[in-house]
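Since the structure comes first, as structure tokens, the remarks are kept for the end.
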Amino acid sequence: MLTQTTTRVLEPGDLGAALAVLESEPVTNAFVTSRVQVAGLDPWRLGGEMWGWYTDGRLRSLCYSGANLVPVCATPEAVRAFADRARRTGRRCSSIVGPAEATAQLWRLLEPSWGPARDVRPHQPLMVADGPSADIDPDPYVRRIRKDEMDVIMPACVAMFTEEVGVSPMAGDGGLLYQARVAELVGSGRSFARIEDGRVLFKAEIGAATTQACQIQGVWVDPEFRGRRLSEAGMAAVLRYALADVAPVVSLYVNDYNAPARASYRRVGFREVGAFMSVLF
């Protein structure tokens, strides 16, 4: 029996089929799902193309190709097809990120033409929580950031990004896109921090958000205050906000070599359910 397969750029009319694929794994796909739910599949609004892989006329796998290249529910056959398309179009993204197995295969196929990468993080545990912390009391001083506090939160955001990614988000366009993203999170009430005397001691954001799952990102503690378990009480507070106001399941992913952070998240109530992989250019 012959199986007909094809890969193409999805169009707005494919939205229903794309969402069906995305929502089949709501936690893993939260980042891409959140973008598609807001912007649809129009490349200008979405900030990139959505590639679809079909078997016998049915959409089975996706790959978001924008600032990030993200395989979604991608079978090995779909990954090969996405890699072929990515080679033809050339690298336009600053990272490849997604479920570890599919992302590893995608990178193996692309590395000869796209490599070398600036950094490869092959195993980043994906952690979830669906209830408030049973062991850590939420920090009562962690609260939503107000729109008039952008000048307070921005230096902490830049410090976190530079420490985590290895480059400053202010490079290139002077930080315009990054500042716009921070402002978007603040404006939507998804940016949280503990601030004392105008200084950010702890911060985190709820980045990707759907009705089924959301993802905490940008967790950071002022270096002078590390080792005091501010992150645990802070994360317990952000988790409480997320469960109450955003989604019934909260996720995050963390570098496997960051043992203190992984232990801290486990104490707050997160458990490991899978793994992501990131390739940074």
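Note on naming: chains are A, B, ... as they come in the structure tokens, residues start from 1 per chain, ligands start from 1 in the order shown.
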Practice item. Please identify all polymer residues within 8 Å of Ala209 of chain A, counting only C-alpha atoms, omitting same-chain residues fewer than 6 positions from it, and present them as an NGL selection string. Key: :A and (30-31 or 34 or 215 or 246-247)
Point to revise | All helix (DSSP H, G or I) positions in segment 199-258 of chain A, as a ChimeraX atom specification | key: /A:223-225,230-245
Practice item. Mind checking which residues fall within 12 Å of Leu239 of chain A, counting only C-alpha atoms, ignoring those fewer than 2 positions away in the same chain, and posting them as a ChimeraX atom specification? Key: /A:128-134,136-139,142-143,190,192,204-206,214-217,219,231-237,241-252,265,268-270
Segment 152-158 of chain A: which residues within 9 Å, counting only C-alpha atoms, same-chain residues fewer than 3 positions away excluded, as a short mmCIF file (atom, residue, chain, number, x, y, z; two decimals) with N, CA, C and O atoms, in the first residue's frame?
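Saved as out18.cif:
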```cif
data_model
loop_
_atom_site.label_atom_id
_atom_site.label_comp_id
_atom_site.auth_asym_id
_atom_site.auth_seq_id
_atom_site.Cartn_x
_atom_site.Cartn_y
_atom_site.Cartn_z
N ILE A 145 3.79 43.36 37.78
CA ILE A 145 4.49 44.61 37.45
C ILE A 145 3.51 45.58 36.79
O ILE A 145 2.71 45.19 35.93
N ASP A 148 3.85 51.39 34.58
CA ASP A 148 4.76 52.51 34.84
C ASP A 148 6.07 52.06 35.48
O ASP A 148 6.88 52.89 35.90
N GLU A 149 6.29 50.73 35.56
CA GLU A 149 7.51 50.20 36.15
C GLU A 149 8.43 49.55 35.13
O GLU A 149 9.33 48.78 35.49
N PHE A 161 18.28 37.57 30.45
CA PHE A 161 18.44 37.10 29.07
C PHE A 161 19.92 36.91 28.73
O PHE A 161 20.31 35.88 28.17
N THR A 162 20.74 37.88 29.10
CA THR A 162 22.17 37.80 28.80
C THR A 162 22.81 36.63 29.51
O THR A 162 23.63 35.89 28.93
N GLU A 163 22.44 36.41 30.76
CA GLU A 163 22.99 35.30 31.53
C GLU A 163 22.54 33.96 30.97
O GLU A 163 23.33 33.01 30.89
N SER A 168 23.44 39.72 24.63
CA SER A 168 22.50 40.73 25.11
C SER A 168 21.33 40.89 24.16
O SER A 168 21.51 40.93 22.94
N PRO A 169 20.11 41.01 24.67
CA PRO A 169 18.96 41.26 23.80
C PRO A 169 18.94 42.68 23.25
O PRO A 169 18.10 43.01 22.42
N MET A 170 19.87 43.51 23.72
CA MET A 170 19.92 44.90 23.27
C MET A 170 20.76 45.06 22.01
O MET A 170 20.85 46.15 21.44
N TYR A 178 12.92 43.34 21.91
CA TYR A 178 12.90 42.76 23.25
C TYR A 178 12.10 43.64 24.20
O TYR A 178 11.29 43.15 25.00
N GLN A 179 12.30 44.94 24.13
CA GLN A 179 11.53 45.85 24.98
C GLN A 179 10.05 45.75 24.69
O GLN A 179 9.21 45.79 25.60
N VAL A 182 8.78 42.58 26.41
CA VAL A 182 8.64 42.79 27.85
C VAL A 182 7.41 43.65 28.14
O VAL A 182 6.63 43.36 29.06
N ALA A 193 7.26 40.23 39.93
CA ALA A 193 8.56 40.48 40.58
C ALA A 193 8.37 40.83 42.05
O ALA A 193 7.28 41.24 42.48
N ILE A 195 10.04 43.58 44.37
CA ILE A 195 10.83 44.81 44.25
C ILE A 195 10.95 45.45 45.62
O ILE A 195 9.95 45.64 46.33
N GLY A 198 13.13 49.98 44.86
CA GLY A 198 13.40 50.16 43.45
C GLY A 198 14.30 49.12 42.84
O GLY A 198 14.74 49.27 41.69
N ARG A 199 14.59 48.04 43.54
CA ARG A 199 15.50 47.00 43.07
C ARG A 199 14.74 45.68 42.93
O ARG A 199 14.05 45.25 43.85
N VAL A 200 14.90 45.03 41.78
CA VAL A 200 14.25 43.74 41.55
C VAL A 200 15.08 42.64 42.20
O VAL A 200 16.24 42.43 41.85
N LEU A 201 14.48 41.93 43.16
CA LEU A 201 15.17 40.83 43.82
C LEU A 201 14.86 39.49 43.15
O LEU A 201 15.71 38.60 43.10
N PHE A 202 13.62 39.35 42.67
CA PHE A 202 13.18 38.13 41.96
C PHE A 202 12.22 38.56 40.87
O PHE A 202 11.45 39.50 41.04
N LYS A 203 12.27 37.83 39.74
CA LYS A 203 11.29 38.09 38.69
C LYS A 203 11.03 36.83 37.89
O LYS A 203 11.84 35.90 37.85
N ALA A 204 9.87 36.79 37.26
CA ALA A 204 9.51 35.72 36.34
C ALA A 204 8.31 36.19 35.54
O ALA A 204 7.60 37.11 35.95
N GLY A 218 11.87 33.18 32.11
CA GLY A 218 12.59 34.36 32.60
C GLY A 218 12.78 34.42 34.10
O GLY A 218 12.84 35.51 34.68
N TRP A 220 14.56 34.73 37.44
CA TRP A 220 15.84 35.38 37.74
C TRP A 220 15.84 35.90 39.17
O TRP A 220 14.82 36.42 39.65
N VAL A 221 16.97 35.74 39.84
CA VAL A 221 17.18 36.30 41.18
C VAL A 221 18.42 37.17 41.13
O VAL A 221 19.45 36.78 40.55
N ASP A 222 18.35 38.33 41.73
CA ASP A 222 19.51 39.22 41.82
C ASP A 222 20.69 38.42 42.41
O ASP A 222 20.54 37.76 43.44
#
```
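With distances restricted to only C-alpha atoms, A:Leu126 is the closest residue to Asn29 of chain A from A:Met160, A:Ala86, A:Leu110, A:Leu126.
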Check your understanding: Using only C-alpha atoms, which residues sit within 8 Å of Val254 of chain A once same-chain residues fewer than 6 positions away are excluded, as number ranges by chain?
Key -> A: 124-126, 261-262
